[in-house]
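K.L.:
I am attaching a structure below and will ask some questions about it afterwards.
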Amino acid sequence: MIRARNFQRCAIRFTSSSNYSPITSHSYIYQDFLSKSSKEEIAKHLENLGPFPTYSSILNPQHFYQNEILMEFSKKGPHPVSLRQLAGYGNKLTKQKIINSANFVRIELPIRLAMRIRDLQTLPFGVVNNFHLAQIYESYYHSFNAFRKIPAISTLQENDKFCETLSTMLDDHVFNLPHLMMGGLEVSILRNLPQQELDQFMSSMIRSRISRRVIVEEHLSLSENYKRDPYATKPPHYIGEIFQNCNAAEHFRIVADVIKNSMLDRYADIDKMPDLEIEGDTSTSFPFMVPHLHYLIGEILRNSFEATIQTHGTMTSKKLPPITVTIINLKREVTFRISDRGGGIGHDKLKGIWSFGKNPELARKSLSNFHRIPGLQLYSNLKVTPAGSSIVNTPDSAGLLNQTSLSDTEHSTETKKSTLENLTTRPFEYKLGLGLPMSKIYADYWNGDLTMNSLEGYGSDTSLTLSKLGFHSNVNQLDRA
């Protein structure tokens with residue numbers, strides 16, 4: 001008691017004889033540019049930095065003891081599956097094929113989610129406790145709990161209900177990709193993870209996300225087709241309705257127009273903007289997922305247009321140099337060379353463009369831009385029961401029908417929300433700095449590649465190679481859980 005009183009008297013003498021203010025709940029925040037009110041606002045959220053944040057319905061003192069079930073699922077491993085195997089169901093549909101497909105998805109999803117949850121659990125606490133990555137953890141655990149409890153499906157009516165749940169899950173998980181990207185940026189700022197480990201983590205999470213969504217969307221597509229025409233026979237090269245036959249030149253023009261219109265605030269004279277010149281095999285068409293194709297093209301063209309305008313926009317009043325796309329159509333793949341005269345990139349910076357580890361100043365600007373992107377969903381629709389069990393709320397049938405272009409189905413994959421679409425169409429000034437590393441993962445996932453050669457002081461050549469899925473669909477990495 002005496003020691004406590006002496007300590008108190010010393011503390012009073014120290015605070016009165018120095019310039020330091022008395023200790024408060026937010027006195028650890030030293031930045032002079034913060035007002036007292038802003039410090040107090042920040043201090044309100046300090047408890048969320050602990051292991052059991054108040055916003056979480058999953059993370060609680062009992063969560064550790066509930067992990068045994070997750071560990072059992074994570075040890076099972078995913079069932080290796082190719083796109084050809086999935087699409088093979090659709091060549092000639094039967095009731096039993098639809099039910100078998102539903103049960104495959106029902107069993108596979110919890111396993112794949114459990115593996116990613118376990119990866120998150122093994123990250124350093126300062127990483128997994130990041131707000132954005134915690135949102136992903138919460139979302140994955142919620143879906144894992146919900147889907148592992150779904151009983152075996154034995155009728156088409158049960159499959160209809162299951163498809164509604166899958167469709168809702170796709171929409172609920174739309175916000176995960178922005179949170180993953182923002183989490184990666186904050187980890188870069190704080191240097192909580194070595195760059196190589198950060199890149200490996202981001203690649204694993206994104207590949208897994210693509211695999212899960214393709215498996216789910218393929219089943220939804222098969223179910224739609226069976227309802228529409230249960231006796232239809234598809235051609236031998238059929239790989240699923242979610243892959244549309246894409247005319248390469250047409251899609252380049254579509255995306256280029258989107259990018260140019262997004263730049264009008266920066267460079268108002270659209271007539272003087274660089275033209276997109278397309279040469280080579282201009283009639284080339286191939287099957288691909290349109291949101292993925294538009295995102296890949298969009299990020300490359302966005303960089304080329306920006307570099308060309310920055311280099312030449314203030315130096316001439318004439319038409320700016322064009323951006324040239326050369327299409328090379330081979331038997332098993334298509335290669336696009338995108339050439340610009342935007343000044344190029346220094347060779348010392350060229351390797352770093354493929355990494356998620358960014359300069360802290362650039363990462364802060366990117367984080368700020370994320371919150372300005374119109375229509376980008378950053379908040380979850382996850383729900384739990386009063387007892388804490390995860391549930392997936394599905395909209396009523398009438399509402400679902402209004403969301404689709406099909407009068408006899410409630411879960412059309414053609415109308416699913418897409419984060420990639422929001423990223424592709426975002427206003428030009430909202431630069432994120434992650435387009436190229438993201439695009440490289442998407443290209444590699446589909447057995448392609450993305451490379452860049454640069455001549456500093458002149459321009460860049462970006463080469464995008466995409467495999468024709470009809471040839472490579474037996475080796476696509478859908479087993480990358």
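Chain lettering (A, B, ...) mirrors the order of the structure tokens, residue numbering begins at 1 for each chain separately, and ligand numbering begins at 1 in order of display.
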Counting only C-alpha atoms, what is within 6 Å of segment 321-336 of chain A, bar same-chain residues fewer than 4 positions away, as a PyMOL selection string?

P.N.:
chain A and resi 274-281+340+463-468

K.L.:
Taking a cut-off of 8 Å and counting only C-alpha atoms, can you build a table that, for each residue of segment 283-379 of chain A near segment 431-444 of chain A, reports the nearest atom pair and how far apart they are in Å (one decimal), sorted by chain then residue number, as CSV?

P.N.:
```
residue,atom,partner,partner_atom,distance
A:His292,CA,A:Tyr442,CA,7.4
A:Tyr295,CA,A:Ser439,CA,7.5
A:Leu296,CA,A:Ser439,CA,5.5
A:Glu299,CA,A:Gly435,CA,5.5
A:Ile300,CA,A:Leu436,CA,7.5
A:Ile353,CA,A:Leu436,CA,6.6
A:Trp354,CA,A:Pro437,CA,4.4
A:Ser355,CA,A:Pro437,CA,5.7
A:Phe356,CA,A:Pro437,CA,6.4
A:Lys358,CA,A:Gly433,CA,8.0
A:Leu362,CA,A:Gly433,CA,7.5
A:Ala363,CA,A:Gly433,CA,7.6
A:Lys365,CA,A:Leu432,CA,7.7
A:Ser366,CA,A:Leu432,CA,4.5
A:Leu367,CA,A:Leu432,CA,7.4
A:Asn369,CA,A:Lys431,CA,6.6
A:Phe370,CA,A:Leu432,CA,7.1
```

K.L.:
How close does segment 136-186 of chain A get to segment 195-209 of chain A? List, as a Markdown table, each residue of segment 136-186 of chain A within 9 Å, its nearest atom pair and the distance in Å to one decimal, counting only C-alpha atoms.

P.N.:
```
| residue | atom | partner | partner_atom | distance |
| --- | --- | --- | --- | --- |
| A:Leu177 | CA | A:Ile206 | CA | 7.9 |
| A:Leu180 | CA | A:Met202 | CA | 7.7 |
| A:Met181 | CA | A:Met202 | CA | 8.2 |
| A:Gly184 | CA | A:Leu198 | CA | 7.3 |
```

K.L.:
Mind dumping the selected residues with N, CA, C and O atoms as a compact mmCIF listing (two decimals), in the first residue's frame?

P.N.:
```txt
# COMPACT_ATOMS: atom_id res chain seq x y z
N LEU A 177 -12.89 -10.48 -52.03
CA LEU A 177 -11.74 -10.13 -52.85
C LEU A 177 -11.22 -8.72 -52.53
O LEU A 177 -10.00 -8.54 -52.36
N LEU A 180 -9.38 -8.99 -49.29
CA LEU A 180 -8.09 -9.67 -49.43
C LEU A 180 -7.04 -8.71 -49.99
O LEU A 180 -5.90 -8.65 -49.49
N MET A 181 -7.41 -7.93 -50.99
CA MET A 181 -6.48 -6.98 -51.58
C MET A 181 -6.09 -5.89 -50.58
O MET A 181 -4.92 -5.51 -50.46
N GLY A 184 -3.79 -7.29 -47.95
CA GLY A 184 -2.43 -7.40 -48.46
C GLY A 184 -1.71 -6.06 -48.44
O GLY A 184 -0.52 -5.98 -48.12
```

K.L.:
Counting only C-alpha atoms, which residue out of A:Val187, A:Arg426, A:Phe147, A:Lys97 sits closest to Asn130 of chain A?

P.N.:
A:Val187

K.L.:
Identify which of the residues A:Leu120, A:Pro80, A:Ile58, A:Asn261 lies closest to Glu138 of chain A, counting only C-alpha atoms when measuring atom-to-atom distances.

P.N.:
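Nearest to Glu138 of chain A: A:Ile58.
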
K.L.:
I need the residue nearest Arg302 of chain A from this list: A:Phe243, A:Phe288, A:Tyr430, A:Phe125. Use only C-alpha atoms for the distance.

P.N.:
A:Tyr430
